[in-house]
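Asks: Here you go, one structure.
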Amino acid sequence: MKVERDQSRFRQIVRGKIRQNLRKYVTHGEMIGRQGGDLVSIPIPQLDVPHFRFGKNGSGGVGQGDGEVGTPVGTAPGEQGDGKGQAGSDPGAHMLEVDISLEELAQILGDELELPNIEPKGRSNITQEKTRYNSVRRLGPESLRHFKRTYIQALRRQVSSSTYDADQPRVVPIREDKRYRSWTTTPQPEASAVAIYMMDVSGSMTDEQKQIVRTEAFWIDTWLKSQYDGLETRYIIHDAAAKEVDEDTFYRTRESGGTRISSAYKVCADLIAREFAPADWNIYCFQFSDGDNWGEDNEASLRLLREHLLPAANLFCYGQVESPYGSGEYMRSLRIGLSDSNDKLVLSEIRDKEGIYDSIKAFLGKGK
Amino acid sequence: MAMHTDTTLPADLAELQVQIEEYARGHGLDFFPTIFELVDAEQLNAIAAYGGFPTRYPHWRFGMEYEQLSKGYNYGLQKIYELVINNDPCYAYLMKSNATTDQKLVMAHVYGHCDFFKNNAWFSCTDRKMMDHMANHGNRIRRYMDRFGVEDVEEFIDCCLSIEDLIDVHSPFIKRQELRPRFDIRSSSDDEDDSLRAGRFAAKGYMDRFINPPAALQAELTERRRQRVQDEHFPVEPMRDVMLFILEHAPLRSWQLDILSMLRDEAYYFAPQAQTKIMNEGWASYWHSTIMTRQGLSSADVIHYCDHHSGTMATSPGRLNPYKLGIELFRDIEDRWNRGRFGRDYEECDDLAAKRDWHRDTGLGREKIFEVRRIHNDLTFIDTFLTLDFCREHKLFSFGFNQEADYYEIESREFPKIKQRLLFGLTNRGQPLITVRDGNYKNRGELFLSHEFNGVDLQLGYARDTLQCLTRLWTRPVHIETCLEGVPTILSFDGTEYTQNQVTTAEAKASNV
């Protein structure tokens with residue numbers, strides 16, 4: 001049907017709009033909180049056809065039901081008397097929310113930043129088990145009870161045992177009637193990848209810096225997920241000492257105290273050694289800091305990088321977020337210390353939100 | 001393409017149609033021949049996205065609509081049951097996956113709509129061959145797209161659509177003025193004295209008084225001056241049909257004129273549907289419930305029917321359900337006219353008990369509702385028949401926006417306020433009333449519109465974008481006079497920049513010429 005043509009035209013326009021505003025979307029962290037599953041809702045400016053219409057101020061309508069004067073009836077009631085209901089679109093906001101899959105978003109990001117597709121190293125033999133609910137059994141937990149099957153079974157039993165009374169059609173399942181949904185598992189081969197994020201949470205990293213890290217990590221995740229099924233993510237925070245934490249803690253923790261980057265490298269190296277054998281895993285390390293390391297620690301850090309992390313990782317990215325307190329010293333020592341270094345190391349300075357876009361391009365532009 | 005001709009109804013549904021149609025006729029409904037198409041959910045969503053016309057012109061907005069409809073359907077949030085097209089013959093669509101009870105109900109409902117289309121006065125000027133003309137529009141626009149590029153044509157359509165509501169819904173019934181020729185900029189460059197000199201005949205001095213009587217000369221001069229003013233400021237009267245004004249006076253290319261005039265025709269075709277939403281749905285609901293409960297239902301249908309019917313009639317606080325309001329008003333009218341609860345005697349009766357028990361076996365109910373469906377639109381329907389008793393019984397209230405709390409809240413349960421709100425929402429289809437005031441504003445060929453302010457501001461963002469679209473059609477700066485936060489203001493767009501100026505009283509007067 002020709003609606004497909006109009007639909008793809010619409011999608012094309014949406015993609016164009018997203019592309020136009022990509023830098024803005026990338027910069028503002030607003031959509032990160034919006035993800036639900038694989039879809040994100042993106043506010044697109046003015047995709048509807050504009051008309052002269054009334055503003056919210058002084059507008060209103062007539063409704064029906066109980067309630068006193070002053071009872072709220074909602075923030076954006078449907079327009080009454082309007083032939084074409086545009087349910088859910090808030091006229092005041094002048095925005096249209098478009099659902100787009102993360103995969104598509106990643107593709108746009110990739111196109112726009114001219115990111116090359118990643119070539120995973122060594123097609124690994126790792127398999128993962130996938131679960132599918134596709135059968136019915138007589139035993140199982142109540143939460144998986146198959147209501148329809150159970151009911152049919154009970155009805156069948158009553159009819160065959162002549163206890164079914166058509167005038168009083170009461171069907172009561174007994175234990176033997178109960179049926180439960182069940183699953184089978186199938187192994188699935190997978191090229192595995194892990195992204196390890198390290199962040200300096202010492203006092204000099206403020207909320208603003210962390211927001212930048214969070215936004216950048218979201219986009220990096222989005223891109224990597226489009227390249228690998230089932231990307232794993234791990235998080236390490238450090239000040240003078242480091243530990244592995246969950247995602248939430250990663251973004252929320254704020255410590256005071258000094259900074260010893262090597263402690264994070266150590267935890268990272270251990271993690272790799274313990275769980276992610278470099279032969280089987282594509283490993284991506286991202287480190288964010290304001291670059292204010294204890295002077296005497298630099299050497300230890302560089303050694304860990306050179307000897308453990310760089311050989312294991314596909315890519316090691318260091319993003320230096322400018323902060324009012326940091327000296328940015330660490331970046332210099334990386335440049336000097338690893339000037340001979342291989343192309344696995346990427347450095348990027350992120351001055352402010354606007355810098356995120358270019359930083360992502362620097363990190364992921366190598367296609368490793 | 002010819003979707004509406006190649007599906008035939010399966011035997012059981014065809015039989016059902018004959019049956020329901022007979023019931024409908026039996027009740028006095030009068031309709032065009034009605035053709036039902038059986039389609040699956042995807043097709044139905046697509047047809048609905050095209051406003052009911054499977055053969056419409058291509059445009060991204062239909063794709064957007066389709067995506068929203070099919071998403072809603074797939075998530076189980078919404079389902080279209082019924083879709084009828086005002087055409088002779090009427091086309092209506094049935095969804096394959098619906099149960100037989102639903103199909104019966106939908107058919108009964110559809111005959112209500114078809115009767116309404118055929119007999120309501122507001123539809124009397126609509127194009128009854130719209131199915132063919134839509135297909136024709138589609139072909140023409142596709143051809144323009146091939147020739148001038150999809151994007152250019154689509155962008156132009158976007159501009160046209162942004163003024164599609166700026167038409168004069170009364171104009172099909174009224175001849176307001178002779179159509180004037182396009183404004184010719186050269187005619188006003190003539191020397192003032194020349195063009196304003198009255199036509200004198202040559203005459204000898206002593207005869208001059210008789211051959212060129214001073215009174216006649218004076219009259220002619222006045223007439224010419226008036227004419228002159230008209231030429232400079234047109235239209236003479238404020239004009240509601242902005243689309244027509246653009247069509248007649250904007251410097252557009254011929255394909256653009258063609259598209260604009262097609263879209264204007266479509267706008268006029270759809271306008272009565274927006275004007276009679278409550279009545280039309282109320283009428284169709286009245287008839288499906290009458291036909292189903294008296295004749296259509298078998299005992300197996302009852303539960304399913306009740307479930308569906310009550311779903312359709314459901315109300316929620318922030319939204320007035322046109323189906324519910326419409327059907328209840330028709331029932332109320334029928335009841336009142338059956339019992340003689342109308343007219344002077346009834347209105348002037350002060351005895352509450354007598355009023356409550358008023359019954360004069362007039363039995364005019366059925367006749368009355370048929371009359372109502374013939375002559376009213378939503379606005380006059382509500383104005384004439386919404387009563388205090390009705391408001392109380394159906395717990396109507398008016399709500400308004402509470403700026404401090406940033407939500408809508410119940411504003412009043414007083415009858416006059418409720419009625420006023422309701423009528424406000426229906427006046428001019430709930431849209432701001434915009435007129436063209438001057439096509440040669442400031443003598444610079446700029447377009448000057450005026451919003452007839454009635455207490456509610458325009459939404460500024462939309463207004464600006466609409467001005468931008470208008471500028472692209474008019475190709476010169478466009479202005480609109482309105483009120484923002486109580487201050488008379490002129491919004492302007494000159495092609496690159498917006499400006500917003502408060503109007504001084506002198507200017508306001510000048511623009512009133």
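By convention in this document, the chains of the structure tokens carry letters A, B, ... by their order, each chain's residues are numbered from 1, and ligands are numbered from 1 in the order they are shown.
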Show me, as a list of chain:residue names, the residues that have an atom within 8 Å of Gly291 in chain A when counting only C-alpha atoms, minus same-chain residues fewer than 3 positions from it.

Replies: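 Here the qualifying residues turn out to be A:Gln320, A:Val321, A:Gly326, A:Ser327, A:Gly328, A:Glu329, A:Tyr330, A:Met331.
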
Asks: Could you give me, as a ChimeraX atom specification, each residue of range 257-486 of chain B that DSSP assigns to helix (DSSP H, G or I) when run on this structure's backbone?

Replies: /B:257-275,277-296,302-312,322-338,343-348,352-356,365-375,378-385,388-393,415-430,460-474

Asks: With 6 Å as the limit and counting only C-alpha atoms, what residues in chain B lie close to chain A? Please list them as number ranges by chain.

Replies: B: 59-60, 63-64, 162, 274, 317-320, 395-400, 407-412, 421-422, 431-432, 456-459, 462-463, 465-466

Asks: Ranking B:Ile490, B:Ala108, B:Ala203, B:Ala121 by minimum distance to Leu297 in chain B and counting only C-alpha atoms, which one comes first?

Replies: B:Ala108

Asks: Using only C-alpha atoms, which protein or nucleic acid residues come within 8 Å of Asp115 in chain B? Drop anything in the same chain fewer than 6 positions from it, and give the result as a CSV table (one decimal) with C-alpha atoms, in the first residue's frame.

Replies:
```csv
chain,number,residue,atom,x,y,z
B,29,LEU,CA,-33.5,6.8,7.9
B,30,ASP,CA,-32.7,8.0,4.4
B,31,PHE,CA,-29.3,7.4,3.0
B,32,PHE,CA,-27.2,7.1,-0.2
```

Asks: Which parts of range 154-280 of chain A does DSSP call strand (DSSP E) when run on the backbone here, written out as a VMD selection string?

Replies: chain A and resid 180 to 189 192 to 200 232 to 238 242 to 245

Asks: Next, the residues of the selection above should be written as a tab-separated table (two decimals), in the first residue's frame with C-alpha atoms.

Replies:
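Heads up, here's the output in out_25.tsv:
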```
chain	number	residue	atom	x	y	z
A	180	TYR	CA	1.98	-23.77	33.43
A	181	ARG	CA	3.99	-21.96	30.84
A	182	SER	CA	7.43	-23.32	30.36
A	183	TRP	CA	10.58	-22.49	28.50
A	184	THR	CA	13.38	-24.00	26.55
A	185	THR	CA	16.87	-22.67	26.41
A	186	THR	CA	19.00	-22.56	23.32
A	187	PRO	CA	22.67	-21.65	23.17
A	188	GLN	CA	23.61	-18.71	20.99
A	189	PRO	CA	27.07	-17.82	19.84
A	192	SER	CA	31.38	-10.49	23.39
A	193	ALA	CA	32.36	-7.05	24.40
A	194	VAL	CA	32.77	-5.16	27.60
A	195	ALA	CA	32.97	-1.47	28.27
A	196	ILE	CA	34.77	-0.52	31.44
A	197	TYR	CA	34.22	2.99	32.66
A	198	MET	CA	36.59	4.55	35.17
A	199	MET	CA	35.94	7.84	36.81
A	200	ASP	CA	37.73	10.08	39.21
A	232	GLU	CA	28.59	-5.74	29.22
A	233	THR	CA	29.32	-2.61	31.17
A	234	ARG	CA	31.39	-2.24	34.31
A	235	TYR	CA	32.11	0.77	36.44
A	236	ILE	CA	35.07	1.72	38.57
A	237	ILE	CA	35.37	4.79	40.74
A	238	HIS	CA	38.44	6.05	42.47
A	242	ALA	CA	39.46	2.43	43.74
A	243	LYS	CA	36.60	-0.03	43.70
A	244	GLU	CA	34.13	-1.54	41.28
A	245	VAL	CA	30.58	-0.25	41.69
```

Asks: For Ile174 in chain A, work out the shell of residues within 10 Å, counting only C-alpha atoms and skipping chain neighbours fewer than 4 positions away, then give it as a list in words.

Replies: Thr150, Tyr151, Gln153, Ala154, Arg157 and Lys178 of chain A

Asks: Could the residues in this selection be saved with N, CA, C and O atoms as a compact mmCIF listing (two decimals), in the first residue's frame?

Replies:
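Okay, this is what ended up in selection_4.txt:
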```
# COMPACT_ATOMS: atom_id res chain seq x y z
N THR A 150 -5.61 -24.02 31.64
CA THR A 150 -6.10 -24.59 32.89
C THR A 150 -7.62 -24.68 32.86
O THR A 150 -8.21 -25.70 33.20
N TYR A 151 -8.19 -23.62 32.41
CA TYR A 151 -9.65 -23.56 32.37
C TYR A 151 -10.21 -24.60 31.41
O TYR A 151 -11.15 -25.33 31.71
N GLN A 153 -8.81 -27.32 30.49
CA GLN A 153 -8.58 -28.64 31.06
C GLN A 153 -9.68 -28.98 32.08
O GLN A 153 -10.23 -30.09 32.10
N ALA A 154 -10.02 -28.01 32.90
CA ALA A 154 -11.05 -28.23 33.93
C ALA A 154 -12.40 -28.49 33.28
O ALA A 154 -13.15 -29.39 33.69
N ARG A 157 -12.48 -31.92 31.85
CA ARG A 157 -12.64 -32.95 32.89
C ARG A 157 -14.09 -33.01 33.35
O ARG A 157 -14.68 -34.08 33.47
N LYS A 178 -4.29 -27.88 36.39
CA LYS A 178 -3.45 -26.71 36.22
C LYS A 178 -2.33 -26.92 35.20
O LYS A 178 -1.70 -27.96 35.16
```

Asks: For Thr276 in chain B, which of B:Glu371, B:Asp378, B:Asp88, B:Asp301 is the closest residue, counting only C-alpha atoms?

Replies: B:Asp378

Asks: Could you name the residues that touch Tyr498 in chain B at 12 Å or less, counting only C-alpha atoms, but leaving out those on the same chain fewer than 3 positions away, as a list of chain:residue names?

Replies: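 Close residues of Tyr498 in chain B: B:Leu460, B:Gly461, B:Ala463, B:Arg464, B:Asp465, B:Thr466, B:Leu467, B:Gln468, B:Thr471, B:Pro477, B:Val478, B:His479, B:Ile480, B:Ile490, B:Leu491, B:Ser492, B:Phe493, B:Asp494, B:Gly495, B:Asn501.
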
Asks: Using Å and a single decimal, report how far CA of Met292 in chain B sits from CA of Leu364 in chain B.

Replies: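 Pair CA of Leu364 in chain B / CA of Met292 in chain B returns 22.7 Å.
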
Asks: For the atom pair CA of Arg374 in chain B and CA of Asn280 in chain B, what is the interatomic distance in Å to one decimal place?

Replies: 10.8 Å
